[in-house]
Structure formats: C-alpha cells, structure tokens
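Text of structure.csv, listed as CSV, C-alpha atoms and all ligand atoms:
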chain,number,residue,atom,x,y,z
A,1,MET,CA,-4.4,-11.2,16.5
A,2,ARG,CA,-7.0,-9.1,14.8
A,3,PHE,CA,-6.6,-7.3,11.5
A,4,TYR,CA,-8.6,-4.1,10.7
A,5,ASP,CA,-9.0,-3.9,7.0
A,6,PHE,CA,-11.0,-2.2,4.2
A,7,ARG,CA,-11.0,-4.0,0.9
A,8,GLY,CA,-11.4,-0.8,-1.2
A,9,ALA,CA,-8.3,0.9,0.2
A,10,PRO,CA,-4.7,0.6,-1.0
A,11,SER,CA,-2.8,0.5,2.3
A,12,PRO,CA,-4.6,-2.5,3.8
A,13,THR,CA,-4.4,-4.3,0.5
A,14,LYS,CA,-0.6,-4.5,0.9
A,15,VAL,CA,-1.0,-6.3,4.2
A,16,ARG,CA,-3.8,-8.6,2.7
A,17,ILE,CA,-1.4,-9.7,0.0
A,18,VAL,CA,1.3,-10.5,2.7
A,19,ILE,CA,-1.3,-12.5,4.7
A,20,GLU,CA,-2.2,-14.5,1.5
A,21,GLU,CA,1.4,-15.0,0.5
A,22,LYS,CA,2.1,-16.5,3.9
A,23,GLY,CA,-1.1,-18.6,3.9
A,24,ILE,CA,-2.1,-17.5,7.3
A,25,GLU,CA,-5.5,-16.8,8.7
A,26,ILE,CA,-6.1,-13.8,10.9
A,27,PRO,CA,-9.5,-12.8,12.2
A,28,THR,CA,-10.4,-9.7,10.3
A,29,GLU,CA,-12.7,-6.8,10.9
A,30,SER,CA,-13.7,-4.4,8.1
A,31,ILE,CA,-13.8,-0.7,8.9
A,32,ASN,CA,-15.9,0.9,6.2
A,33,LEU,CA,-14.0,4.0,5.1
A,34,ARG,CA,-16.9,5.0,2.8
A,35,LYS,CA,-19.2,5.2,5.8
A,36,LEU,CA,-16.4,6.9,7.8
A,37,GLU,CA,-16.3,4.2,10.4
A,38,GLN,CA,-12.6,5.0,10.9
A,39,GLN,CA,-13.7,8.3,12.4
A,40,GLY,CA,-16.2,6.7,14.8
A,41,GLU,CA,-15.6,6.7,18.5
A,42,ALA,CA,-15.1,2.9,18.8
A,43,TYR,CA,-12.3,2.8,16.2
A,44,ARG,CA,-10.6,6.0,17.3
A,45,GLN,CA,-10.4,4.7,20.8
A,46,LYS,CA,-8.3,1.9,19.4
A,47,HIS,CA,-6.4,4.1,16.9
A,48,PRO,CA,-6.6,7.9,17.3
A,49,GLY,CA,-4.9,8.2,13.9
A,50,ALA,CA,-8.1,6.8,12.4
A,51,THR,CA,-6.6,4.9,9.5
A,52,VAL,CA,-6.5,1.3,8.3
A,53,PRO,CA,-4.7,-1.1,8.3
A,54,MET,CA,-4.2,-1.9,11.9
A,55,LEU,CA,-3.1,-5.2,13.5
A,56,GLU,CA,-4.0,-5.8,17.1
A,57,LEU,CA,-1.7,-8.3,18.8
A,58,ASP,CA,-2.7,-10.8,21.5
A,59,ASP,CA,-0.9,-8.7,24.2
A,60,GLY,CA,-3.0,-5.7,23.2
A,61,THR,CA,-0.2,-3.9,21.2
A,62,ARG,CA,-1.7,-2.1,18.2
A,63,LEU,CA,0.4,-1.9,15.1
A,64,THR,CA,-0.5,0.7,12.4
A,65,GLU,CA,1.3,1.5,9.1
A,66,SER,CA,1.4,-1.2,6.4
A,67,LEU,CA,5.2,-1.5,6.4
A,68,ALA,CA,5.4,-2.1,10.1
A,69,ILE,CA,2.6,-4.6,10.1
A,70,SER,CA,4.1,-6.4,7.1
A,71,HIS,CA,7.5,-6.5,8.8
A,72,TYR,CA,6.0,-8.0,11.9
A,73,LEU,CA,4.2,-10.7,9.9
A,74,ASP,CA,7.3,-11.5,7.9
A,75,GLN,CA,9.3,-11.9,11.1
A,76,THR,CA,6.6,-13.9,12.8
A,77,PHE,CA,5.7,-16.2,9.8
A,78,PRO,CA,9.1,-16.3,7.9
A,79,ASP,CA,8.0,-18.5,5.0
A,80,PRO,CA,8.1,-17.2,2.3
A,81,ASN,CA,10.4,-14.4,3.1
A,82,LEU,CA,9.2,-11.1,1.7
A,83,MET,CA,11.4,-8.5,3.4
A,84,GLY,CA,14.8,-9.6,2.2
A,85,LEU,CA,17.1,-12.5,3.1
A,86,ASP,CA,20.3,-10.6,3.8
A,87,PRO,CA,21.3,-7.0,4.6
A,88,LYS,CA,21.6,-6.0,1.0
A,89,GLU,CA,18.3,-7.4,-0.1
A,90,GLN,CA,16.6,-6.0,3.1
A,91,ALA,CA,18.0,-2.6,2.3
A,92,LEU,CA,16.8,-2.8,-1.4
A,93,VAL,CA,13.3,-3.7,-0.2
A,94,LEU,CA,13.2,-0.7,2.1
A,95,MET,CA,14.7,1.5,-0.5
A,96,TRP,CA,12.1,0.6,-3.1
A,97,HIS,CA,9.4,0.7,-0.5
A,98,ASP,CA,10.3,4.3,0.3
A,99,ILE,CA,10.6,5.3,-3.3
A,100,GLY,CA,7.2,3.7,-4.0
A,101,THR,CA,5.6,5.5,-1.1
A,102,LEU,CA,7.1,8.9,-1.3
A,103,GLU,CA,7.3,9.3,-5.0
A,104,GLY,CA,4.4,7.1,-6.2
A,105,TYR,CA,1.7,6.5,-3.5
A,106,LEU,CA,1.8,10.1,-2.2
A,107,GLY,CA,1.5,11.4,-5.8
A,108,VAL,CA,-1.7,9.4,-6.3
A,109,GLN,CA,-3.0,10.5,-2.9
A,110,GLU,CA,-2.3,14.1,-3.8
A,111,LEU,CA,-4.3,13.9,-7.0
A,112,LEU,CA,-7.2,12.0,-5.5
A,113,ARG,CA,-7.7,13.8,-2.2
A,114,ASN,CA,-7.3,17.3,-3.7
A,115,SER,CA,-9.8,16.7,-6.5
A,116,SER,CA,-12.5,14.4,-5.2
A,117,GLU,CA,-15.7,15.9,-3.7
A,118,ALA,CA,-15.7,13.0,-1.2
A,119,PHE,CA,-12.4,14.3,0.3
A,120,LYS,CA,-13.4,17.9,0.8
A,121,GLY,CA,-12.1,18.9,4.2
A,122,ARG,CA,-10.2,15.6,4.4
A,123,ALA,CA,-7.3,16.1,2.0
A,124,LEU,CA,-5.1,14.0,4.2
A,125,PRO,CA,-6.0,10.8,6.0
A,126,GLY,CA,-6.6,11.0,9.7
A,127,PRO,CA,-8.8,13.2,12.0
A,128,GLN,CA,-7.2,16.6,11.1
A,129,PRO,CA,-9.6,18.4,8.7
A,130,TYR,CA,-7.1,19.5,6.0
A,131,GLU,CA,-8.6,21.5,3.1
A,132,GLN,CA,-7.9,20.6,-0.5
A,133,ILE,CA,-5.3,22.5,-2.5
A,134,ALA,CA,-6.2,22.6,-6.2
A,135,ALA,CA,-2.6,23.0,-7.4
A,136,LEU,CA,-1.7,19.6,-6.0
A,137,VAL,CA,-4.0,17.9,-8.4
A,138,GLU,CA,-1.8,18.5,-11.5
A,139,ARG,CA,1.4,18.0,-9.4
A,140,GLY,CA,0.1,14.6,-8.3
A,141,ARG,CA,-0.7,13.7,-11.9
A,142,THR,CA,2.9,14.7,-13.0
A,143,ARG,CA,4.4,12.8,-10.1
A,144,ILE,CA,2.6,9.6,-11.1
A,145,GLY,CA,4.0,9.9,-14.6
A,146,VAL,CA,7.6,10.4,-13.3
A,147,PHE,CA,7.1,7.4,-10.9
A,148,MET,CA,5.9,5.1,-13.7
A,149,ASN,CA,9.1,6.0,-15.7
A,150,LYS,CA,11.2,5.2,-12.7
A,151,LEU,CA,9.6,1.8,-12.2
A,152,ASP,CA,9.9,1.0,-15.9
A,153,GLN,CA,13.6,1.9,-15.9
A,154,GLN,CA,14.4,-0.3,-12.8
A,155,LEU,CA,12.4,-3.2,-14.3
A,156,SER,CA,14.4,-2.9,-17.5
A,157,ARG,CA,17.4,-3.8,-15.5
A,158,CYS,CA,15.9,-6.3,-13.1
A,159,GLU,CA,13.0,-8.7,-13.1
A,160,TYR,CA,11.7,-7.4,-9.7
A,161,LEU,CA,12.2,-4.2,-7.9
A,162,ALA,CA,14.7,-5.4,-5.3
A,163,CYS,CA,16.1,-7.2,-8.4
A,164,GLU,CA,16.3,-10.9,-8.2
A,165,ARG,CA,13.1,-12.1,-6.6
A,166,TYR,CA,9.6,-11.1,-5.6
A,167,THR,CA,9.5,-9.1,-2.3
A,168,TYR,CA,7.4,-6.7,-0.4
A,169,ALA,CA,8.8,-3.9,-2.6
A,170,ASP,CA,6.8,-5.4,-5.5
A,171,ILE,CA,3.7,-5.8,-3.4
A,172,ALA,CA,3.7,-2.2,-2.3
A,173,ALA,CA,4.5,-0.7,-5.7
A,174,PHE,CA,2.0,-3.1,-7.4
A,175,VAL,CA,-0.8,-1.8,-5.1
A,176,THR,CA,0.2,1.8,-5.9
A,177,VAL,CA,0.1,1.1,-9.7
A,178,GLY,CA,-3.4,-0.3,-9.3
A,179,PHE,CA,-4.4,2.7,-7.1
A,180,ALA,CA,-3.1,5.1,-9.8
A,181,LYS,CA,-5.0,3.3,-12.5
A,182,ARG,CA,-8.3,3.6,-10.5
A,183,VAL,CA,-7.7,7.3,-9.7
A,184,LEU,CA,-6.5,8.3,-13.2
A,185,GLY,CA,-9.3,6.3,-14.9
A,186,GLU,CA,-6.7,5.0,-17.4
A,187,ASP,CA,-3.8,2.5,-17.3
A,188,PRO,CA,-0.6,4.3,-16.4
A,189,THR,CA,1.6,1.3,-17.5
A,190,VAL,CA,0.7,1.8,-21.2
A,191,GLY,CA,3.8,2.5,-23.2
A,192,HIS,CA,6.0,1.1,-20.4
A,193,SER,CA,6.8,-2.5,-21.6
A,194,ASN,CA,8.9,-3.5,-18.6
A,195,LEU,CA,6.4,-2.2,-16.1
A,196,SER,CA,3.5,-3.9,-18.0
A,197,ARG,CA,5.4,-7.2,-18.0
A,198,TRP,CA,5.9,-6.9,-14.2
A,199,VAL,CA,2.3,-6.0,-13.5
A,200,GLU,CA,1.1,-9.1,-15.4
A,201,VAL,CA,3.5,-11.4,-13.4
A,202,ILE,CA,2.5,-10.0,-10.1
A,203,ALA,CA,-1.3,-9.9,-10.9
A,204,ALA,CA,-1.2,-13.6,-11.8
A,205,ARG,CA,0.1,-14.6,-8.4
A,206,PRO,CA,-2.7,-16.6,-6.5
A,207,ALA,CA,-2.1,-14.6,-3.3
A,208,VAL,CA,-2.5,-11.3,-5.2
A,209,GLN,CA,-5.7,-12.5,-6.9
A,210,ALA,CA,-7.1,-13.7,-3.5
A,211,ALA,CA,-6.3,-10.4,-1.8
A,212,THR,CA,-7.5,-8.1,-4.6
A,213,GLY,CA,-10.3,-10.1,-6.3
B,1,LIG,N1,1.1,5.0,6.3
B,1,LIG,C1,-0.2,4.3,6.4
B,1,LIG,C2,-1.3,5.0,5.6
B,1,LIG,C3,-2.6,4.5,6.1
B,1,LIG,C4,-3.7,5.2,5.3
B,1,LIG,O1,-3.6,6.4,4.9
B,1,LIG,N2,-4.9,4.5,5.2
B,1,LIG,C5,-6.0,5.1,4.5
B,1,LIG,C6,-6.6,4.0,3.6
B,1,LIG,S1,-5.4,3.6,2.3
B,1,LIG,C7,-7.0,5.4,5.5
B,1,LIG,O2,-7.2,4.7,6.5
B,1,LIG,N3,-7.7,6.6,5.3
B,1,LIG,C8,-8.7,7.0,6.2
B,1,LIG,C9,-9.2,8.4,5.9
B,1,LIG,O3,-8.9,8.9,4.8
B,1,LIG,O4,-9.9,9.0,6.7
B,1,LIG,C10,0.0,2.8,6.0
B,1,LIG,O5,0.9,2.6,5.1
B,1,LIG,O6,-0.6,2.0,6.5
Can you give me the file's structure in the form of structure tokens?
Ligand SMILES: N[C@@H](CCC(=O)N[C@@H](CS)C(=O)NCC(=O)O)C(=O)O
Amino acid sequence: MRFYDFRGAPSPTKVRIVIEEKGIEIPTESINLRKLEQQGEAYRQKHPGATVPMLELDDGTRLTESLAISHYLDQTFPDPNLMGLDPKEQALVLMWHDIGTLEGYLGVQELLRNSSEAFKGRALPGPQPYEQIAALVERGRTRIGVFMNKLDQQLSRCEYLACERYTYADIAAFVTVGFAKRVLGEDPTVGHSNLSRWVEVIAARPAVQAATG
C-alpha cells in the first residue's frame, strides 16, 4: 500500500487519524498542495481528479475519497472499530459523516475557496478551473455557524456524534471544526459548551495528536 498525503489539508488528515488509531504503518508520499504538485503530470496520471488523499493498494487499485479509504482501512484492520459495530451504529456513523461533510466541511470550503487569493480560478478542488463567487463567502460563514449549533445540540444529548462511543463520525467532524477555526481565524466552538467539551476529548487522543501535531 502507498498513502498519498498532505499534512496541511483537512481530507487526508481524517485518514491519518484513522491510520494512527489503528497503529498501522503505511508508506506515505507527501503531495505538496501549496506547490500544486497534485496538478503535476506524475500525480494526475495516477489520479486525474488531482486531490489527496489517495491510497494505492498492492494490486494497483487506487482509492480516493477519505470516507472510502477509511472504510477500506477499517475493514482491513478491524481493531479498533471506527465505522460502527452493528447496522444501527454504522448508519449513525454514515449519517453524521454526511451531515459533517455536506453541512460543515462544504461551508468552510465555500468560505475559503471563494475568498482567498490563492484559490483564484480554483474555487473547487480538482483540475477544472472554477472561478470564485463572492456571494458564497458569507453563505459559507453562515453555514459554519449553523453547523456548529447542530453539533452542539447533538453533543448535548450524546457524548459522541454517533452517540455512545468514538467513531469515524467524530474524526471527520473534528477535522472540519479545526479547518473552520483556521479559515475563520477564530474558534467557532466558543459559546458551545458541549462542542468545546467534545473537541477537548478528541484533541487529547494520542492518535489525533500524532496525526495533527
Ligand atoms: N471528497 C474528497 C475531497 C478531497 C479534497 O478535496 N482534497 C483537497 C485537500 S483537503 C485537495 O486535494 N485539493 C487539491 C486542490 O485544491 O487542488 C475526500 O474526502 O477525500
């Protein structure tokens, strides 16, 4: 296996946390997004979608998308389980993953990629040169606030997002909260006591510290 990573980016960070939680070692290659290495011929030959993370399997199969890679690793290295132990928990993990991606992560992406000079002509990841849309900046900011409220509400009812125990749903949402903090330049958990409590617990995990430090 070979893992294509970039430490400064949120999506591969989710997979790095999974790798650390499972205590496995996978040869890793960094694709420097700041130097646009993902757009280079060598990487695009492997992955025309030009994003990280990617996991190359020994039979040559290339998996992209952090959820798919994490699912593969969870099935292949089952201990500790991160994707749910029974149908209900598996569904809750996927449900909170989707909420986290569609309502949280994409809101942060909207704000960042439509406002930053560095993303001019690259308002969406991948090789297609999408122009920025100024109106999406404020909408992204609003969506982040709505998402933080939603997380806080769920975490007022349950200790973790899929409720009883730490799962991939927490990993994905935790990375998005960190991404939001970086893009906003302020801590979006302030004023959300349940969310702050959860962030502290997740951030203290050795695997999370190893993957993000
Ligand atoms: N759905 C994908 C998203 C992958 C993605 O957007 N990766 C970003 C880094 S977080 C990327 O490679 N961006 C390259 C670019 O902006 O050109 C996943 O979850 O893995």
Report the closest atom pair, with its distance in Å rounded to one decimal, for each residue of chain A that has an atom no farther than 8 Å from ligand LIG 1 (chain B); count only C-alpha atoms and all ligand atoms, sort by chain and then rising residue number, and write it as a tab-separated table.
residue	atom	partner	partner_atom	distance
A:Phe6	CA	B:LIG1	C6	7.6
A:Ala9	CA	B:LIG1	S1	4.5
A:Pro10	CA	B:LIG1	S1	4.5
A:Ser11	CA	B:LIG1	S1	4.0
A:Pro12	CA	B:LIG1	S1	6.3
A:Leu33	CA	B:LIG1	C8	6.2
A:Leu36	CA	B:LIG1	O4	6.9
A:Gln38	CA	B:LIG1	O4	6.4
A:Gln39	CA	B:LIG1	O4	6.9
A:Ala50	CA	B:LIG1	C8	6.2
A:Thr51	CA	B:LIG1	O2	3.1
A:Val52	CA	B:LIG1	O2	3.9
A:Pro53	CA	B:LIG1	O6	5.4
A:Met54	CA	B:LIG1	O6	7.6
A:Thr64	CA	B:LIG1	O6	6.0
A:Glu65	CA	B:LIG1	O6	3.3
A:Ser66	CA	B:LIG1	O6	3.8
A:Leu67	CA	B:LIG1	O5	6.1
A:Phe119	CA	B:LIG1	O3	7.9
A:Arg122	CA	B:LIG1	O3	6.8
A:Ala123	CA	B:LIG1	O3	7.9
A:Leu124	CA	B:LIG1	O3	6.4
A:Pro125	CA	B:LIG1	O3	3.7
A:Gly126	CA	B:LIG1	O4	4.9
A:Pro127	CA	B:LIG1	O4	6.9
- Residue nearest A:His97 - candidates A:Lys14, A:Arg205, A:Arg182, A:Arg141, atoms counted: only C-alpha atoms: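 Among the listed residues, A:Lys14 lies closest to A:His97.
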Can you sort out the box for stretch 151-165 of chain A, edges along x, y and z, all listed atoms in, 6 Å on every side, with centre and edge lengths in Å to one decimal, as JSON?
{"center_x": 13.5, "center_y": -5.1, "center_z": -11.4, "size_x": 19.8, "size_y": 26.0, "size_z": 24.2}
Neighbouring residues of A:Arg7 were defined as those with any atom within 8 Å, considering all atoms listed in the file; residues of the same chain fewer than 4 positions away were excluded. Please report them as a CSV table (one decimal) with C-alpha atoms, keeping the file's coordinate frame.
chain,number,residue,atom,x,y,z
A,12,PRO,CA,-4.6,-2.5,3.8
A,13,THR,CA,-4.4,-4.3,0.5
A,30,SER,CA,-13.7,-4.4,8.1
A,212,THR,CA,-7.5,-8.1,-4.6
- Message: So that I can see what lies close to A:Glu159, please list as a PyMOL selection string the residues with an atom at most 9 Å from it, counting only C-alpha atoms and leaving out residues fewer than 6 positions away in the same chain.
- Response: chain A and resi 165-166+194+198
Go ahead and write the selection's residues with C-alpha atoms as an mmCIF file, in the coordinates of the input.
data_model
loop_
_atom_site.group_PDB
_atom_site.id
_atom_site.type_symbol
_atom_site.label_atom_id
_atom_site.label_comp_id
_atom_site.auth_asym_id
_atom_site.auth_seq_id
_atom_site.Cartn_x
_atom_site.Cartn_y
_atom_site.Cartn_z
ATOM 1 C CA ARG A 165 13.100 -12.100 -6.600
ATOM 2 C CA TYR A 166 9.600 -11.100 -5.600
ATOM 3 C CA ASN A 194 8.900 -3.500 -18.600
ATOM 4 C CA TRP A 198 5.900 -6.900 -14.200
#
- Counting only C-alpha atoms, which of A:Ala169, A:Thr176, A:Val190, A:Lys150 gets nearest to A:Glu89?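 Under the stated criterion, the closest residue is A:Ala169.
If you look at atom CA of A:Ala207 and atom CA of A:Pro80, they are 11.9 Å away from each other.
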- Message: Could you tell me how far atom CA of A:Tyr4 sits from atom CA of A:Gly213, in Å to one decimal place?
- Response: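 A separation of 18.1 Å between them.
The smallest atom-to-atom distance between A:Leu55 and any of A:Phe3, A:Pro27, A:Trp96, A:Leu73, using all atoms listed in the file, is found for A:Phe3.
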- Within 10 Å of A:Met148, counting all atoms listed in the file, which residues show up once you throw out same-chain ones fewer than 3 positions away? Write them as a PyMOL selection string, please. chain A and resi 100+103-104+143-145+151-153+173+177+180+188-190+192+195
Selection above as a file: C-alpha atoms, as a PDB file, keeping the file's coordinate frame:
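part_12.pdb, written as the output of this step:
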ATOM      1  CA  GLY A 100       7.200   3.700  -4.000  1.00  0.00           C
ATOM      2  CA  GLU A 103       7.300   9.300  -5.000  1.00  0.00           C
ATOM      3  CA  GLY A 104       4.400   7.100  -6.200  1.00  0.00           C
ATOM      4  CA  ARG A 143       4.400  12.800 -10.100  1.00  0.00           C
ATOM      5  CA  ILE A 144       2.600   9.600 -11.100  1.00  0.00           C
ATOM      6  CA  GLY A 145       4.000   9.900 -14.600  1.00  0.00           C
ATOM      7  CA  LEU A 151       9.600   1.800 -12.200  1.00  0.00           C
ATOM      8  CA  ASP A 152       9.900   1.000 -15.900  1.00  0.00           C
ATOM      9  CA  GLN A 153      13.600   1.900 -15.900  1.00  0.00           C
ATOM     10  CA  ALA A 173       4.500  -0.700  -5.700  1.00  0.00           C
ATOM     11  CA  VAL A 177       0.100   1.100  -9.700  1.00  0.00           C
ATOM     12  CA  ALA A 180      -3.100   5.100  -9.800  1.00  0.00           C
ATOM     13  CA  PRO A 188      -0.600   4.300 -16.400  1.00  0.00           C
ATOM     14  CA  THR A 189       1.600   1.300 -17.500  1.00  0.00           C
ATOM     15  CA  VAL A 190       0.700   1.800 -21.200  1.00  0.00           C
ATOM     16  CA  HIS A 192       6.000   1.100 -20.400  1.00  0.00           C
ATOM     17  CA  LEU A 195       6.400  -2.200 -16.100  1.00  0.00           C
TER      18      LEU A 195
END
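In this comparison, which uses only C-alpha atoms, the residue of A:Tyr43, A:Tyr168, A:Phe174, A:Phe179 approaching A:Asp5 most closely is A:Tyr43.
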- Quick one: distance from atom CA of A:Ala162 to atom CA of A:Ile202 in Å, one decimal?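 Separating atom CA of A:Ala162 from atom CA of A:Ile202 is a distance of 13.9 Å.
Residue nearest A:Val146, chosen from A:Ala204, A:Cys158, A:Cys163, A:Ile99 and counting all atoms listed in the file: A:Ile99.
Taking only C-alpha atoms into account, A:Leu57 lies nearest to A:Arg2 out of the set A:Arg2, A:Lys35, A:Lys22, A:Lys120.
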Would you mind completing stretch 136-158 of chain A so that it carries N, CA and C atoms, and writing it out as an mmCIF file, in the coordinates of the input?
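As written to disk, rebuild_5.cif reads:
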data_model
loop_
_atom_site.group_PDB
_atom_site.id
_atom_site.type_symbol
_atom_site.label_atom_id
_atom_site.label_comp_id
_atom_site.auth_asym_id
_atom_site.auth_seq_id
_atom_site.Cartn_x
_atom_site.Cartn_y
_atom_site.Cartn_z
ATOM 1 N N LEU A 136 -2.337 20.940 -6.173
ATOM 2 C CA LEU A 136 -1.700 19.600 -6.000
ATOM 3 C C LEU A 136 -2.271 18.557 -6.901
ATOM 4 N N VAL A 137 -3.402 18.860 -7.541
ATOM 5 C CA VAL A 137 -4.000 17.900 -8.400
ATOM 6 C C VAL A 137 -3.080 17.608 -9.624
ATOM 7 N N GLU A 138 -2.667 18.671 -10.295
ATOM 8 C CA GLU A 138 -1.800 18.500 -11.500
ATOM 9 C C GLU A 138 -0.409 18.014 -11.046
ATOM 10 N N ARG A 139 0.060 18.508 -9.902
ATOM 11 C CA ARG A 139 1.400 18.000 -9.400
ATOM 12 C C ARG A 139 1.327 16.528 -9.166
ATOM 13 N N GLY A 140 0.224 16.077 -8.561
ATOM 14 C CA GLY A 140 0.100 14.600 -8.300
ATOM 15 C C GLY A 140 0.110 13.859 -9.614
ATOM 16 N N ARG A 141 -0.601 14.374 -10.618
ATOM 17 C CA ARG A 141 -0.700 13.700 -11.900
ATOM 18 C C ARG A 141 0.763 13.587 -12.516
ATOM 19 N N THR A 142 1.505 14.687 -12.434
ATOM 20 C CA THR A 142 2.900 14.700 -13.000
ATOM 21 C C THR A 142 3.741 13.686 -12.206
ATOM 22 N N ARG A 143 3.607 13.668 -10.896
ATOM 23 C CA ARG A 143 4.400 12.800 -10.100
ATOM 24 C C ARG A 143 4.158 11.304 -10.424
ATOM 25 N N ILE A 144 2.897 11.003 -10.729
ATOM 26 C CA ILE A 144 2.600 9.600 -11.100
ATOM 27 C C ILE A 144 3.329 9.228 -12.375
ATOM 28 N N GLY A 145 3.330 10.132 -13.365
ATOM 29 C CA GLY A 145 4.000 9.900 -14.600
ATOM 30 C C GLY A 145 5.526 9.635 -14.392
ATOM 31 N N VAL A 146 6.124 10.484 -13.574
ATOM 32 C CA VAL A 146 7.600 10.400 -13.300
ATOM 33 C C VAL A 146 7.849 9.043 -12.577
ATOM 34 N N PHE A 147 6.947 8.677 -11.674
ATOM 35 C CA PHE A 147 7.100 7.400 -10.900
ATOM 36 C C PHE A 147 7.038 6.204 -11.855
ATOM 37 N N MET A 148 6.078 6.222 -12.779
ATOM 38 C CA MET A 148 5.900 5.100 -13.700
ATOM 39 C C MET A 148 7.210 4.933 -14.537
ATOM 40 N N ASN A 149 7.786 6.055 -14.965
ATOM 41 C CA ASN A 149 9.100 6.000 -15.700
ATOM 42 C C ASN A 149 10.153 5.359 -14.879
ATOM 43 N N LYS A 150 10.194 5.746 -13.623
ATOM 44 C CA LYS A 150 11.200 5.200 -12.700
ATOM 45 C C LYS A 150 11.091 3.709 -12.553
ATOM 46 N N LEU A 151 9.852 3.258 -12.335
ATOM 47 C CA LEU A 151 9.600 1.800 -12.200
ATOM 48 C C LEU A 151 10.032 1.092 -13.475
ATOM 49 N N ASP A 152 9.633 1.653 -14.606
ATOM 50 C CA ASP A 152 9.900 1.000 -15.900
ATOM 51 C C ASP A 152 11.444 0.865 -16.086
ATOM 52 N N GLN A 153 12.176 1.912 -15.711
ATOM 53 C CA GLN A 153 13.600 1.900 -15.900
ATOM 54 C C GLN A 153 14.247 0.769 -14.984
ATOM 55 N N GLN A 154 13.810 0.719 -13.722
ATOM 56 C CA GLN A 154 14.400 -0.300 -12.800
ATOM 57 C C GLN A 154 14.014 -1.693 -13.345
ATOM 58 N N LEU A 155 12.788 -1.843 -13.876
ATOM 59 C CA LEU A 155 12.400 -3.200 -14.300
ATOM 60 C C LEU A 155 12.935 -3.514 -15.704
ATOM 61 N N SER A 156 13.620 -2.557 -16.320
ATOM 62 C CA SER A 156 14.400 -2.900 -17.500
ATOM 63 C C SER A 156 15.704 -3.540 -17.171
ATOM 64 N N ARG A 157 16.147 -3.272 -15.933
ATOM 65 C CA ARG A 157 17.400 -3.800 -15.500
ATOM 66 C C ARG A 157 17.246 -5.108 -14.672
ATOM 67 N N CYS A 158 16.096 -5.196 -13.986
ATOM 68 C CA CYS A 158 15.900 -6.300 -13.100
ATOM 69 C C CYS A 158 14.471 -6.860 -13.255
#
